[in-house]
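Q: After the C-alpha cells below, expect a handful of questions from me.
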Amino acid sequence: MKSWQGIIHYPLGERGLKPRRSGITMVIDKGLGMRELKDLLEVAGNYLDFLKLGFGTPALYSEEYLKAKIDLCRKYDVKIYPGGTFMEVALLQGRYEAFLTRIKELGFNTIEISDGTITLDHKIRQYCIKRAAGEGLTVLTELGKKDAKVNPDISDLLKQADHDLAAGAWKVIMEARESGKGIGIYDMNGEILEEKLEDFIMGIGDLTSIIWEAPLKNQQVEMITRFGSDVNLGNIQPNELMSLEALRTGLRGDTLRLVLRQQEAAIVGK
Amino acid sequence: MKSWQGIIHYPLGERGLKPRRSGITMVIDKGLGMRELKDLLEVAGNYLDFLKLGFGTPALYSEEYLKAKIDLCRKYDVKIYPGGTFMEVALLQGRYEAFLTRIKELGFNTIEISDGTITLDHKIRQYCIKRAAGEGLTVLTELGKKDAKVNPDISDLLKQADHDLAAGAWKVIMEARESGKGIGIYDMNGEILEEKLEDFIMGIGDLTSIIWEAPLKNQQVEMITRFGSDVNLGNIQPNELMSLEALRTGLRGDTLRLVLRQQEAAIVGK
Amino acid sequence: MKSWQGIIHYPLGERGLKPRRSGITMVIDKGLGMRELKDLLEVAGNYLDFLKLGFGTPALYSEEYLKAKIDLCRKYDVKIYPGGTFMEVALLQGRYEAFLTRIKELGFNTIEISDGTITLDHKIRQYCIKRAAGEGLTVLTELGKKDAKVNPDISDLLKQADHDLAAGAWKVIMEARESGKGIGIYDMNGEILEEKLEDFIMGIGDLTSIIWEAPLKNQQVEMITRFGSDVNLGNIQPNELMSLEALRTGLRGDTLRLVLRQQEAAIVGK
C-alpha cells in the first residue's frame, strides 16, 4: 500500500502502471551488484521500465552473475538489455547472429541497436532491427553519434527514426551519453539547444515514440516542463531514479512550481 | 572499540557523542534501499544525526518499506524526517493536520518546515512550528527559496530565523539545495558569497542554531575552516558522510593543513 | 565462466590476470559498507588490484568492522591500504613505528607513503620506505602536493620517483586527488597539461612503475589512448570500476573508436 494514500495526492497526478507505453524511465547500470540491484528494485521497481547494462559491461560479468541479474529484473517486470555499444562490437566482429542467440540464452528480452561509434549501412540497420524483432525481442534503437565532433542533421535523425519505427523498433532513443554534454540536443554545458529540439519536435509524428536520454537534473526538469510527467527519459543514474519520480509527480520544488504557476494563471484568468 | 585508539589522535580533536547540540551532520537520502541504509548506519551511524528523505520521496515508498527505514534509523539514534517540500505539498493541499498525524503514525520524530517553493504567510509558519513542536516533534525550519532567481534579503532571513527559533524550532537550516549552486550564500559555482555570509553571521545570535547546507566539498572545508569541526552541516550525500567526518577530525589534507598552520604560527610566536 | 566467451572478443584484447605488474586499477573507498564491498568484489574483484581507504577514514571504523573489510579484500586478492594522509598524521605525531605495527595487526598488506600535506625530509622518506618494505609490506609512494597552489617541478618529482623506487617502493603514484582538478598533470578543468606530462614521460625510465591518479573519465580515456589498456590507474570511484574495465578492453565508445582508427589506417596503408 502507498504510504500517504488518502492524505496527499501527487501535484502532477498519478502515474500509469507498468507495462507503460509512455512515462518510461530507463536507468543505466554501470556495474551494480546483486545487493544494490535488489535495493533498487525493492524501492523503485514500479518506477523502472528498462535497465541498460551500460557499454560492453555485460561481457565483464561471469555467466552465473549476469543470469542472476537478468532473472531478478524479470521478476520485477523490468526489461533489461545490453548497451548499444556492445551490439556494435558484435556487428563489427561479424557476430550479430551469435549475439542474438546468446542474448536470448541469457534471458535478455530487449535489445538496443545503434551506430554511436561504428558506421552502419542503412540496409544493415534495417536488417538488424527486423531480425531482432522477429526473434521476439523488444527493439530500441538509438539516434546519434557518441563523438561530439560528429553532428548529424536533425533531418537525417528524423528520417532514421521513421525508418527504425517502421522496421519494428518499439521506441527510438535520443543519444546524450552518460554525461549529457555536447551531444545531440544538448550543448557543452548540458543545456538544451532550443532550435535543434524544436526542429526535431516539429518533424516527429508521435512524441511518445522517443526516449530522451537526460542524465542531468536540469534536463529532466526541462523535459517534464515541456512535455509533461509522462515524457520518456533515459540514462538515469540508479541513485537518481526516485528523485526523477519525485520530479515527475510534482513532489520536488522544480516541478511543484509548475502547479503553482497553473494555479496563479487560473486565478488571473489567463 | 576504535581501531586506532592509543596510536593516533585526531588532529582537530575528538568529536562529541550523540545526541549532539553542535557538530551535527544531516544526510540527504534520495532513495536508499534497506541494504544501503544498513551499510551507512553500521559504518557511520555515530557520525550521523539526521537523515532527510529528500523532496517528496516519502510518498513513493510502500508503507511497509518506509516504516522499516524509519525503524532502522531509530535503532541507531538517527533522526529521520521527510524533506520540506513534502510538507509544503501537504500545506498547499490543506492537509497539514493529517500530515502531522501520518508522520507520527509512521514513526517519524522530526519535521522540516519550509517555504522553499510555496509562499507561506508569517502567521501560518508560526502556527505550523508551534503545532509540530506541541506534538513532540523535533522541528527544523529552512530559510530561503529554491528558485535561484528569488534572492531574499539577509535581514529578512535573520528575522525569520529569530521567529522560527522563538516559536520552537530546534535548528534553522540555511537552504542550498542538493546542488549547492546559485542559492543562499553560494554563487553559481558553489563558492561562498563572502559579504552575504558575513552579514548573516553578524546578525545571528547563536551560530550553533544554524545548519548550513553544504553539499560540495569546498563548502564543507570552508565551513570547518571558519567555524571549526563542530559546525552543523546538511545535505551531505550518503557516500560523503565518512569523508566529511575525516574533514571534521583533521584526517584529510584540506583540514589537516589547518593544524600545520597553527603549529607554524606557534613556532614563529604569532 | 565468462558470459560471452567464443562469441565476442575484447576489441583491445584480453587483460592480464592478477597479480598484475601493469594494467593495475586502484579504487578509492570513502566509506563502503560490507554489503557494498561484497557487491564490488563479487562483480569486479578480478579487475581490482588495490583498494585505498581514503584519507584518514581507517580511524573512523570500529576495529571489528575494519578487520572484516580487510579480510574480505584479502579473500579476493585485493590489496587494501590506508590513504597516505593517514600515514602523514602518524608521522606528524611521531608514531610511525606504532602505525606500522598496527597496520600489520589489522591485516593490511600494503602501505602508502606520501607528503601531500606535511613536509617530509628526504632522509626520513627514504627511511619510511625501507622500514615498511623491510616489514614485508607492499610500498606505494605518492608524488606531489594536495595544495593546488604548490606546484612542484617535474624534475624534482622525477628525482623523487627514482629515489622511492630505489628504496623499495613497488610503484609510485602520481597525485591528482579525488577531484582530478588543478593538481599535478591536470589543469583546473581536469584536462592534461601536455607539456608537463611530456616532460615527466621523457624523464621516467619505466612507465609501468607509475600509477596515474585519473578520477575523471576523460583522464582515463586519455591515458588509455596514450599508453594502452595496461596503463596503471588510480583514484577510481567504486561505481566506475566496471566502466573503466570497459574502457580498457575497448568495450566503450571512447576506446572502441581507437580500434576503428587502426583498421582505417591499415586500409589506407598508413
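Going through the C-alpha cells in order, the chains are called A, B, and so on, while each chain numbers its residues from 1 and the ligands are numbered from 1 in the order shown.
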Would you kindly return, as a VMD selection string, each protein, DNA or RNA residue with an atom no farther than 10 Å from any atom of stretch 101-103 of chain B, considering only C-alpha atoms and excluding same-chain residues fewer than 4 positions away?
A: (chain A and resid 3 to 4 7) or (chain B and resid 81 to 82 96 to 97 107 to 111 132 135 137)
Q: Write the residues you've just listed into a file as a JSON list (two decimals), in the first residue's frame, and include N, CA and C atoms for each of them.
A:
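Contents of the output file out.json:
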[["chain", "number", "residue", "atom", "x", "y", "z"],
["A", 3, "SER", "N", 2.22, 4.78, 1.01],
["A", 3, "SER", "CA", 2.39, 5.22, 2.39],
["A", 3, "SER", "C", 1.60, 6.48, 2.75],
["A", 4, "TRP", "N", 1.14, 7.26, 1.75],
["A", 4, "TRP", "CA", 0.45, 8.51, 2.07],
["A", 4, "TRP", "C", -0.91, 8.61, 1.40],
["A", 7, "ILE", "N", -4.03, 11.01, 2.02],
["A", 7, "ILE", "CA", -3.57, 12.20, 2.76],
["A", 7, "ILE", "C", -3.05, 13.26, 1.80],
["B", 81, "TYR", "N", 13.42, 12.30, 8.84],
["B", 81, "TYR", "CA", 12.27, 13.18, 8.57],
["B", 81, "TYR", "C", 12.06, 13.38, 7.08],
["B", 82, "PRO", "N", 10.83, 13.74, 6.71],
["B", 82, "PRO", "CA", 10.52, 13.99, 5.29],
["B", 82, "PRO", "C", 11.04, 15.37, 4.87],
["B", 96, "TYR", "N", -2.33, 19.80, 6.45],
["B", 96, "TYR", "CA", -1.25, 19.83, 7.43],
["B", 96, "TYR", "C", -1.54, 18.98, 8.66],
["B", 97, "GLU", "N", -2.78, 19.03, 9.13],
["B", 97, "GLU", "CA", -3.11, 18.21, 10.32],
["B", 97, "GLU", "C", -2.97, 16.72, 10.03],
["B", 107, "GLY", "N", 6.17, 6.85, 12.47],
["B", 107, "GLY", "CA", 7.33, 6.74, 13.36],
["B", 107, "GLY", "C", 8.35, 7.85, 13.21],
["B", 108, "PHE", "N", 8.09, 8.79, 12.30],
["B", 108, "PHE", "CA", 9.00, 9.94, 12.20],
["B", 108, "PHE", "C", 9.00, 10.69, 13.53],
["B", 109, "ASN", "N", 10.17, 11.23, 13.91],
["B", 109, "ASN", "CA", 10.23, 12.01, 15.15],
["B", 109, "ASN", "C", 10.66, 13.45, 14.90],
["B", 110, "THR", "N", 10.83, 13.79, 13.64],
["B", 110, "THR", "CA", 11.34, 15.11, 13.27],
["B", 110, "THR", "C", 10.55, 15.61, 12.07],
["B", 111, "ILE", "N", 10.46, 16.92, 11.95],
["B", 111, "ILE", "CA", 9.76, 17.52, 10.81],
["B", 111, "ILE", "C", 10.56, 18.72, 10.32],
["B", 132, "ALA", "N", 3.65, 21.58, 15.46],
["B", 132, "ALA", "CA", 4.51, 20.39, 15.36],
["B", 132, "ALA", "C", 5.31, 20.19, 16.64],
["B", 135, "GLU", "N", 3.35, 18.61, 19.27],
["B", 135, "GLU", "CA", 3.17, 17.17, 19.10],
["B", 135, "GLU", "C", 4.41, 16.38, 19.52],
["B", 137, "LEU", "N", 7.40, 16.70, 18.19],
["B", 137, "LEU", "CA", 8.37, 16.50, 17.10],
["B", 137, "LEU", "C", 9.53, 17.49, 17.23]]
Q: Dump as a PyMOL selection string the residues of chain A that approach chain C to within 7 Å, counting only C-alpha atoms.
A: chain A and resi 30-31+33-35+55-57+59+61-63+85-86+90+95+98-99+117+146
Q: Deliver the residues from the most recent selection as a file, using all heavy atoms, as a compact mmCIF listing (two decimals), in the first residue's frame.
A:
# COMPACT_ATOMS: atom_id res chain seq x y z
N LYS A 30 25.94 0.66 -14.45
CA LYS A 30 27.37 0.61 -14.79
C LYS A 30 28.12 -0.47 -14.02
O LYS A 30 29.34 -0.46 -13.98
CB LYS A 30 28.01 1.98 -14.52
CG LYS A 30 27.34 3.11 -15.29
CD LYS A 30 28.16 4.38 -15.24
CE LYS A 30 28.31 4.88 -13.83
NZ LYS A 30 29.21 6.05 -13.74
N GLY A 31 27.39 -1.39 -13.42
CA GLY A 31 28.05 -2.47 -12.70
C GLY A 31 27.45 -2.74 -11.32
O GLY A 31 28.18 -3.10 -10.39
N GLY A 33 25.97 -4.47 -8.20
CA GLY A 33 25.99 -5.81 -7.62
C GLY A 33 24.57 -6.26 -7.30
O GLY A 33 23.62 -5.47 -7.39
N MET A 34 24.43 -7.52 -6.91
CA MET A 34 23.10 -8.07 -6.66
C MET A 34 22.40 -7.37 -5.50
O MET A 34 21.18 -7.20 -5.53
CB MET A 34 23.21 -9.57 -6.34
CG MET A 34 23.44 -10.43 -7.57
SD MET A 34 22.10 -10.29 -8.82
CE MET A 34 20.81 -11.26 -8.02
N ARG A 35 23.15 -6.96 -4.48
CA ARG A 35 22.50 -6.30 -3.33
C ARG A 35 21.99 -4.91 -3.72
O ARG A 35 20.90 -4.50 -3.34
CB ARG A 35 23.49 -6.21 -2.17
CG ARG A 35 23.85 -7.57 -1.58
CD ARG A 35 25.05 -7.50 -0.67
NE ARG A 35 25.57 -8.84 -0.40
CZ ARG A 35 26.38 -9.51 -1.23
NH1 ARG A 35 26.77 -8.96 -2.38
NH2 ARG A 35 26.80 -10.71 -0.92
N PHE A 55 27.41 0.28 -21.89
CA PHE A 55 28.60 -0.02 -22.69
C PHE A 55 28.68 -1.55 -22.92
O PHE A 55 27.65 -2.19 -23.05
CB PHE A 55 29.87 0.50 -22.01
CG PHE A 55 29.64 1.62 -21.05
CD1 PHE A 55 29.98 1.49 -19.70
CD2 PHE A 55 29.04 2.80 -21.47
CE1 PHE A 55 29.75 2.52 -18.80
CE2 PHE A 55 28.81 3.84 -20.57
CZ PHE A 55 29.16 3.69 -19.23
N GLY A 56 29.90 -2.08 -22.90
CA GLY A 56 30.04 -3.53 -23.06
C GLY A 56 30.17 -4.26 -21.73
O GLY A 56 30.69 -5.37 -21.68
N THR A 57 29.67 -3.65 -20.64
CA THR A 57 29.83 -4.31 -19.34
C THR A 57 29.24 -5.72 -19.28
O THR A 57 29.75 -6.53 -18.49
CB THR A 57 29.24 -3.46 -18.17
OG1 THR A 57 27.86 -3.18 -18.44
CG2 THR A 57 30.01 -2.16 -17.99
N ALA A 59 29.83 -8.15 -20.96
CA ALA A 59 30.91 -9.11 -21.21
C ALA A 59 31.83 -9.27 -20.00
O ALA A 59 32.63 -10.20 -19.94
CB ALA A 59 31.73 -8.68 -22.43
N TYR A 61 30.88 -9.63 -16.78
CA TYR A 61 30.33 -10.45 -15.70
C TYR A 61 30.56 -11.93 -15.99
O TYR A 61 30.64 -12.32 -17.15
CB TYR A 61 28.81 -10.25 -15.61
CG TYR A 61 28.34 -8.89 -15.18
CD1 TYR A 61 28.02 -7.92 -16.11
CD2 TYR A 61 28.18 -8.59 -13.83
CE1 TYR A 61 27.57 -6.66 -15.72
CE2 TYR A 61 27.72 -7.33 -13.44
CZ TYR A 61 27.42 -6.37 -14.38
OH TYR A 61 26.97 -5.15 -13.99
N SER A 62 30.60 -12.73 -14.95
CA SER A 62 30.54 -14.17 -15.16
C SER A 62 29.13 -14.52 -15.63
O SER A 62 28.18 -13.76 -15.38
CB SER A 62 30.84 -14.90 -13.84
OG SER A 62 29.74 -14.75 -12.95
N GLU A 63 29.03 -15.64 -16.31
CA GLU A 63 27.73 -16.05 -16.83
C GLU A 63 26.70 -16.18 -15.70
O GLU A 63 25.55 -15.73 -15.83
CB GLU A 63 27.87 -17.39 -17.57
CG GLU A 63 26.54 -17.93 -18.03
CD GLU A 63 26.68 -19.01 -19.09
OE1 GLU A 63 27.75 -19.09 -19.72
OE2 GLU A 63 25.70 -19.75 -19.30
N THR A 85 26.60 -0.11 -27.56
CA THR A 85 27.99 -0.28 -27.98
C THR A 85 28.37 -1.76 -28.06
O THR A 85 29.13 -2.18 -28.93
CB THR A 85 28.94 0.45 -27.02
OG1 THR A 85 28.62 1.85 -27.03
CG2 THR A 85 30.39 0.28 -27.43
N PHE A 86 27.80 -2.54 -27.15
CA PHE A 86 28.11 -3.97 -27.14
C PHE A 86 27.59 -4.63 -28.42
O PHE A 86 28.27 -5.47 -29.04
CB PHE A 86 27.49 -4.60 -25.90
CG PHE A 86 28.05 -5.96 -25.58
CD1 PHE A 86 29.40 -6.23 -25.68
CD2 PHE A 86 27.20 -6.98 -25.14
CE1 PHE A 86 29.91 -7.49 -25.38
CE2 PHE A 86 27.70 -8.24 -24.84
CZ PHE A 86 29.05 -8.49 -24.96
N ALA A 90 29.64 -6.58 -31.57
CA ALA A 90 29.25 -7.86 -32.18
C ALA A 90 29.14 -7.71 -33.70
O ALA A 90 29.65 -8.54 -34.46
CB ALA A 90 27.91 -8.32 -31.60
N ARG A 95 29.43 -10.97 -35.79
CA ARG A 95 28.83 -11.98 -34.91
C ARG A 95 27.41 -11.60 -34.48
O ARG A 95 26.99 -11.95 -33.38
CB ARG A 95 29.71 -12.16 -33.66
CG ARG A 95 31.14 -12.55 -33.93
CD ARG A 95 31.28 -13.95 -34.44
NE ARG A 95 31.14 -14.94 -33.38
CZ ARG A 95 30.84 -16.21 -33.56
NH1 ARG A 95 30.62 -16.66 -34.78
NH2 ARG A 95 30.75 -17.04 -32.55
N ALA A 98 25.20 -14.73 -33.69
CA ALA A 98 25.60 -15.38 -32.44
C ALA A 98 25.22 -14.51 -31.24
O ALA A 98 24.84 -15.01 -30.17
CB ALA A 98 27.11 -15.64 -32.45
N PHE A 99 25.30 -13.21 -31.44
CA PHE A 99 24.93 -12.25 -30.40
C PHE A 99 23.45 -12.38 -30.03
O PHE A 99 23.09 -12.45 -28.85
CB PHE A 99 25.25 -10.84 -30.91
CG PHE A 99 24.94 -9.73 -29.95
CD1 PHE A 99 25.79 -9.43 -28.90
CD2 PHE A 99 23.79 -8.95 -30.11
CE1 PHE A 99 25.50 -8.38 -28.02
CE2 PHE A 99 23.50 -7.90 -29.24
CZ PHE A 99 24.36 -7.62 -28.20
N THR A 117 29.15 4.53 -32.45
CA THR A 117 30.59 4.53 -32.70
C THR A 117 30.92 3.99 -34.09
O THR A 117 31.72 4.57 -34.81
CB THR A 117 31.31 3.68 -31.62
OG1 THR A 117 30.92 4.16 -30.33
CG2 THR A 117 32.82 3.78 -31.76
N LYS A 146 28.32 9.19 -30.69
CA LYS A 146 28.93 9.43 -29.39
C LYS A 146 30.08 10.44 -29.47
O LYS A 146 30.56 10.92 -28.45
CB LYS A 146 29.44 8.12 -28.78
CG LYS A 146 28.30 7.18 -28.41
CD LYS A 146 28.77 6.03 -27.54
CE LYS A 146 27.67 5.00 -27.35
NZ LYS A 146 26.49 5.50 -26.63
Q: I need the residues in stretch 103-200 of chain B that are strand (DSSP E or B) according to DSSP; give them as a list in words.
A: Thr110, Ile111, Glu112, Ile113, Thr138, Val139, Leu140, Thr141, Glu142, Leu143, Lys171, Val172, Ile173, Met174, Tyr186 and Ile192 of chain B
Q: Export, as a short mmCIF file (atom, residue, chain, number, x, y, z; two decimals), in the first residue's frame, the selected residues with all heavy atoms.
A:
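That gives us result-v5.cif:
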data_model
loop_
_atom_site.label_atom_id
_atom_site.label_comp_id
_atom_site.auth_asym_id
_atom_site.auth_seq_id
_atom_site.Cartn_x
_atom_site.Cartn_y
_atom_site.Cartn_z
N THR B 110 10.83 13.79 13.64
CA THR B 110 11.34 15.11 13.27
C THR B 110 10.55 15.61 12.07
O THR B 110 10.04 14.82 11.29
CB THR B 110 12.85 15.01 12.93
OG1 THR B 110 13.54 14.50 14.07
CG2 THR B 110 13.44 16.34 12.53
N ILE B 111 10.46 16.92 11.95
CA ILE B 111 9.76 17.52 10.81
C ILE B 111 10.56 18.72 10.32
O ILE B 111 11.27 19.36 11.11
CB ILE B 111 8.33 17.96 11.23
CG1 ILE B 111 7.50 18.40 10.01
CG2 ILE B 111 8.38 19.09 12.25
CD1 ILE B 111 6.03 18.71 10.35
N GLU B 112 10.48 18.96 9.02
CA GLU B 112 11.08 20.18 8.47
C GLU B 112 9.97 21.08 7.96
O GLU B 112 9.09 20.62 7.22
CB GLU B 112 12.06 19.86 7.34
CG GLU B 112 12.69 21.12 6.75
CD GLU B 112 13.60 20.84 5.56
OE1 GLU B 112 14.32 19.84 5.57
OE2 GLU B 112 13.56 21.64 4.59
N ILE B 113 10.03 22.34 8.33
CA ILE B 113 9.04 23.32 7.87
C ILE B 113 9.74 24.37 7.04
O ILE B 113 10.73 24.97 7.49
CB ILE B 113 8.29 23.93 9.08
CG1 ILE B 113 7.40 22.84 9.69
CG2 ILE B 113 7.48 25.15 8.66
CD1 ILE B 113 6.83 23.17 11.04
N THR B 138 10.73 17.03 16.87
CA THR B 138 11.85 17.95 16.72
C THR B 138 11.61 18.75 15.45
O THR B 138 11.39 18.18 14.38
CB THR B 138 13.18 17.17 16.59
OG1 THR B 138 13.38 16.43 17.79
CG2 THR B 138 14.35 18.11 16.37
N VAL B 139 11.60 20.07 15.58
CA VAL B 139 11.27 20.91 14.43
C VAL B 139 12.52 21.57 13.86
O VAL B 139 13.27 22.23 14.57
CB VAL B 139 10.26 22.02 14.82
CG1 VAL B 139 9.94 22.90 13.61
CG2 VAL B 139 8.99 21.42 15.39
N LEU B 140 12.75 21.32 12.59
CA LEU B 140 13.78 22.05 11.83
C LEU B 140 13.04 22.96 10.86
O LEU B 140 12.06 22.53 10.25
CB LEU B 140 14.67 21.09 11.06
CG LEU B 140 15.32 19.96 11.85
CD1 LEU B 140 16.09 19.02 10.92
CD2 LEU B 140 16.26 20.52 12.90
N THR B 141 13.49 24.19 10.74
CA THR B 141 12.90 25.04 9.71
C THR B 141 13.98 25.38 8.69
O THR B 141 15.17 25.24 8.95
CB THR B 141 12.31 26.34 10.28
OG1 THR B 141 13.38 27.10 10.85
CG2 THR B 141 11.26 26.04 11.32
N GLU B 142 13.55 25.82 7.54
CA GLU B 142 14.52 26.14 6.49
C GLU B 142 14.32 27.56 6.02
O GLU B 142 13.19 28.02 5.84
CB GLU B 142 14.37 25.16 5.33
CG GLU B 142 15.52 25.26 4.33
CD GLU B 142 15.50 24.15 3.32
OE1 GLU B 142 14.47 23.99 2.63
OE2 GLU B 142 16.49 23.43 3.21
N LEU B 143 15.45 28.25 5.80
CA LEU B 143 15.45 29.63 5.32
C LEU B 143 15.82 29.67 3.86
O LEU B 143 16.82 29.09 3.45
CB LEU B 143 16.51 30.45 6.06
CG LEU B 143 16.41 30.60 7.57
CD1 LEU B 143 17.54 31.50 8.06
CD2 LEU B 143 15.05 31.16 7.96
N LYS B 171 16.55 23.87 15.29
CA LYS B 171 17.62 24.46 14.48
C LYS B 171 16.98 25.04 13.23
O LYS B 171 15.88 24.63 12.85
CB LYS B 171 18.65 23.41 14.05
CG LYS B 171 19.33 22.63 15.15
CD LYS B 171 20.52 23.36 15.74
CE LYS B 171 21.14 22.50 16.84
NZ LYS B 171 22.01 23.28 17.74
N VAL B 172 17.71 25.92 12.60
CA VAL B 172 17.27 26.53 11.34
C VAL B 172 18.27 26.15 10.26
O VAL B 172 19.47 26.26 10.45
CB VAL B 172 17.21 28.07 11.49
CG1 VAL B 172 16.95 28.73 10.16
CG2 VAL B 172 16.14 28.45 12.51
N ILE B 173 17.76 25.65 9.15
CA ILE B 173 18.61 25.20 8.05
C ILE B 173 18.76 26.29 7.01
O ILE B 173 17.78 26.91 6.60
CB ILE B 173 18.01 23.94 7.37
CG1 ILE B 173 17.87 22.81 8.40
CG2 ILE B 173 18.85 23.49 6.19
CD1 ILE B 173 16.99 21.66 7.92
N MET B 174 19.98 26.54 6.56
CA MET B 174 20.23 27.52 5.51
C MET B 174 20.23 26.78 4.17
O MET B 174 21.09 25.95 3.90
CB MET B 174 21.58 28.20 5.77
CG MET B 174 21.83 29.40 4.91
SD MET B 174 20.72 30.79 5.35
CE MET B 174 21.60 32.12 4.52
N TYR B 186 25.75 30.85 -1.55
CA TYR B 186 26.68 30.32 -2.56
C TYR B 186 26.40 30.92 -3.94
O TYR B 186 25.23 31.08 -4.32
CB TYR B 186 26.56 28.80 -2.66
CG TYR B 186 26.77 28.09 -1.34
CD1 TYR B 186 25.77 27.31 -0.77
CD2 TYR B 186 27.99 28.19 -0.66
CE1 TYR B 186 25.96 26.65 0.45
CE2 TYR B 186 28.19 27.54 0.56
CZ TYR B 186 27.16 26.78 1.10
OH TYR B 186 27.35 26.13 2.29
N ILE B 192 31.46 30.55 -1.78
CA ILE B 192 30.76 31.35 -0.77
C ILE B 192 30.72 32.83 -1.17
O ILE B 192 31.73 33.38 -1.62
CB ILE B 192 31.44 31.18 0.60
CG1 ILE B 192 31.13 29.79 1.15
CG2 ILE B 192 30.98 32.26 1.59
CD1 ILE B 192 31.82 29.45 2.43
#
Q: Show me, as a list in words, the residues that have an atom within 8 Å of stretch 197-200 of chain A when counting only C-alpha atoms, minus same-chain residues fewer than 3 positions from it.
A: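 My reading of the contact set: Ile154, Ser155, Leu158, Ile185, Ile192, Leu193, Glu194, Gly203 and Ile204 of chain A.
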